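Chemist: Let me begin by handing over the structure; questions about it come next.
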Amino acid sequence: MHYLFKHVLLRDVAYDIQMRSRLRELHHRAAEAIETLYADELAPYYADLAYHYGQAERDEPERHYAFLAGKQAASEYANEAAVRFLSRALELTPQSDHEGQYQILAVRERIYDLQGYREEQRRDLQILLVFAQGEDKAKMILRQARYAETVGNYTDAVSFAQRAVQLAQRYENIRLEASAHLRWGRGIWRQGQYEEAAPHFQKALALARRADLHDIEANSLRNIGNICWSQGRLDEAMAYYQEVLCLYQSLQHKKGEGATLNNIGLVVLNQGEYVQARHYSEQARQLKEAIGDHIGAGIAYATLGESARRLGQYDEALIHQQRALQLSQIAADSPGEGQAYINFAHLYYLMGQRAVAEEHVQRGLTIAQALQDMNLEADAQVCRGHIHLDAERFAEAEAAYARALKLRQDLNQSHRTVDARAGLAHVALVQEEWERARAHVEVILSYMETHPNLDGVEDPGLVYLVCYRVLAVMHKARAAEVLAVAHHYLQTKAAKMKDDPLRRSFLENVAVHRELLAAYQRHHTEK
């Protein structure tokens, strides 16, 4: 029996070996048949060829086609498939073949960047920097600058970009030089140095136009638009973005198109056109999710959340902000994560959940300060001011608003000082420090004379309400004028909303809007 049992096992093993050998041969023939039949157009069959040569255990042709299939998948934003093919190609590449490894990693690192897989991206970049020579070294240093900016290390981003410019000039590579100036400018812009960033974007634009580099031309124009947006020149920003959107669409540049839709959504949000903001941000969300861009999708969700909040749709806003936070954490997007926490804090504050709001705003503030991001910190400080004021911690509220005001002044953002100054007026009002309250309100009213739409102000309704309350104590006639302006502002915005429930939500669910309308009604009843 023992002999018979061993004999059966040996027979099965022999049969299995024959079958595997036969299958390998069949897969090899299938691959050769595809190469022969479709020799003139093999691209649609790269994945099939990689599979068949893999099953045939032919490493070199499998490696070749896996690499081609990975590049093809990357171009179609099939990111998971691209990583899978490229990683397989890398496994099959000999350790001594540095050039082969470089080519594969250079594609995979870009996918990790898009997906927001920072640790994987960092590892690939480290290897690429070791393997790169000549102009390739400059390209990898530029990618290092992009990585540094993405993770919030703006000082290193500028330093890497400066080195990339020097190397690009040495090799007379105009595309590389223009790209490096763009990255240099972005690193400075991120630090709030708008005037210093502008020349780098202009230099990139000039180089791009000289060499007919239309994608870099579009990127340059979009970043010039970003400076206009940051400085409150919203109409100028919109003009740049509209031009760039057409350019990206003509280039079929989906990533740039989605980013520009995000930019437009933010502009119209700052102009108080919340329904429009939702429209553009929804387009951006769909496009960014389609290409697997987690950071871009997170920005779109954040803007959708802010639009919902300002329309009084708080439950919907919470859903959008939760998704924005999740995506920022997946992509290790520290600025996005900080903004999500601050947005959450504002929502919870409006919903009467002060303790939760305080916890979230502190998280956002901690991130902002770690990044040395003045814009983000100013947002956090205004929200902190609201929370402290609601808790009757007047000294803390005043300190938070004052810090926000200084940050906005340092950034030369006059349009963003209004919210902080209204907060200071509110603190003075509740403490019955009438002259201090009036002084802040006078500055706000002066701003309103030249900026009647309050574009760029985060919460126009609250600003109107604070001004009305202060003036109602000291100058009733002027209070009535402000109240009339506020009423006109709210009714004008509401009239653009074709959906009745949405219009009611804007006018009734937002507490400051509800209070302004009630005050206006009382004033006219008394008259």
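Just so we're on the same page: first chain in the structure tokens is A, next is B, and so on; residues restart at 1 for each chain, and ligands are numbered from 1 in the order they show up.
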Can you tell me which residues surround segment 236-252 of chain A at a distance of at most 10 Å, considering only C-alpha atoms, apart from same-chain residues fewer than 6 positions away, and format the answer as a PyMOL selection string?
Modeler: chain A and resi 214-215+217-230+258-268
Chemist: Enumerate the residues of segment 85-278 of chain A with a DSSP assignment of alpha helix (DSSP H), computed from the backbone, and present them as number ranges by chain.
Modeler: A: 85-91, 98-115, 118-131, 135-150, 154-171, 174-190, 194-210, 214-230, 234-251, 254-270, 274-278
Chemist: Hey, what's within 12 Å of Gln72 of chain A if we count only C-alpha atoms and toss same-chain stuff fewer than 6 positions away? As a ChimeraX atom specification, please?
Modeler: /A:42-47,65-66,78-79,81-83,85-86,107-108
Chemist: Go ahead and write the residues just picked, C-alpha atoms, as a CSV table (one decimal), in the first residue's frame.
Modeler:
chain,number,residue,atom,x,y,z
A,42,LEU,CA,-0.3,47.1,-29.8
A,43,ALA,CA,-1.3,49.8,-27.3
A,44,PRO,CA,-4.8,48.4,-26.5
A,45,TYR,CA,-3.2,45.0,-25.7
A,46,TYR,CA,-0.4,46.0,-23.4
A,47,ALA,CA,-2.2,44.6,-20.3
A,65,TYR,CA,4.6,45.3,-21.4
A,66,ALA,CA,3.8,45.8,-17.7
A,78,ALA,CA,-6.7,54.4,-13.9
A,79,ASN,CA,-4.4,54.9,-10.9
A,81,ALA,CA,-4.1,49.6,-12.2
A,82,ALA,CA,-1.2,51.8,-13.1
A,83,VAL,CA,0.5,51.3,-9.8
A,85,PHE,CA,1.5,47.3,-13.4
A,86,LEU,CA,4.4,49.6,-12.6
A,107,VAL,CA,5.9,57.4,-13.6
A,108,ARG,CA,4.8,55.8,-10.3
Chemist: Between A:Leu311, A:Ala30, A:Leu327, A:Ala399, which is the closest to Lys493 of chain A once you count only C-alpha atoms?
Modeler: A:Leu311
Chemist: Which residue gives the smallest distance to Val130 of chain A among A:Tyr102, A:Leu490, A:Ala484, A:Thr417, with only C-alpha atoms counted?
Modeler: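 Result for the nearest residue to Val130 of chain A: A:Tyr102.
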Chemist: For each of A:Leu114, A:Leu105, A:Ala437, A:Ala391, take the minimum atom-to-atom distance to Ala290 of chain A, counting only C-alpha atoms, then give the residue where this is smallest.
Modeler: A:Leu114
Chemist: Would you mind listing what lies within 8 Å of Tyr314 of chain A as a PyMOL selection string, with only C-alpha atoms counted and same-chain residues fewer than 6 positions away left out?
Modeler: chain A and resi 308+347+351
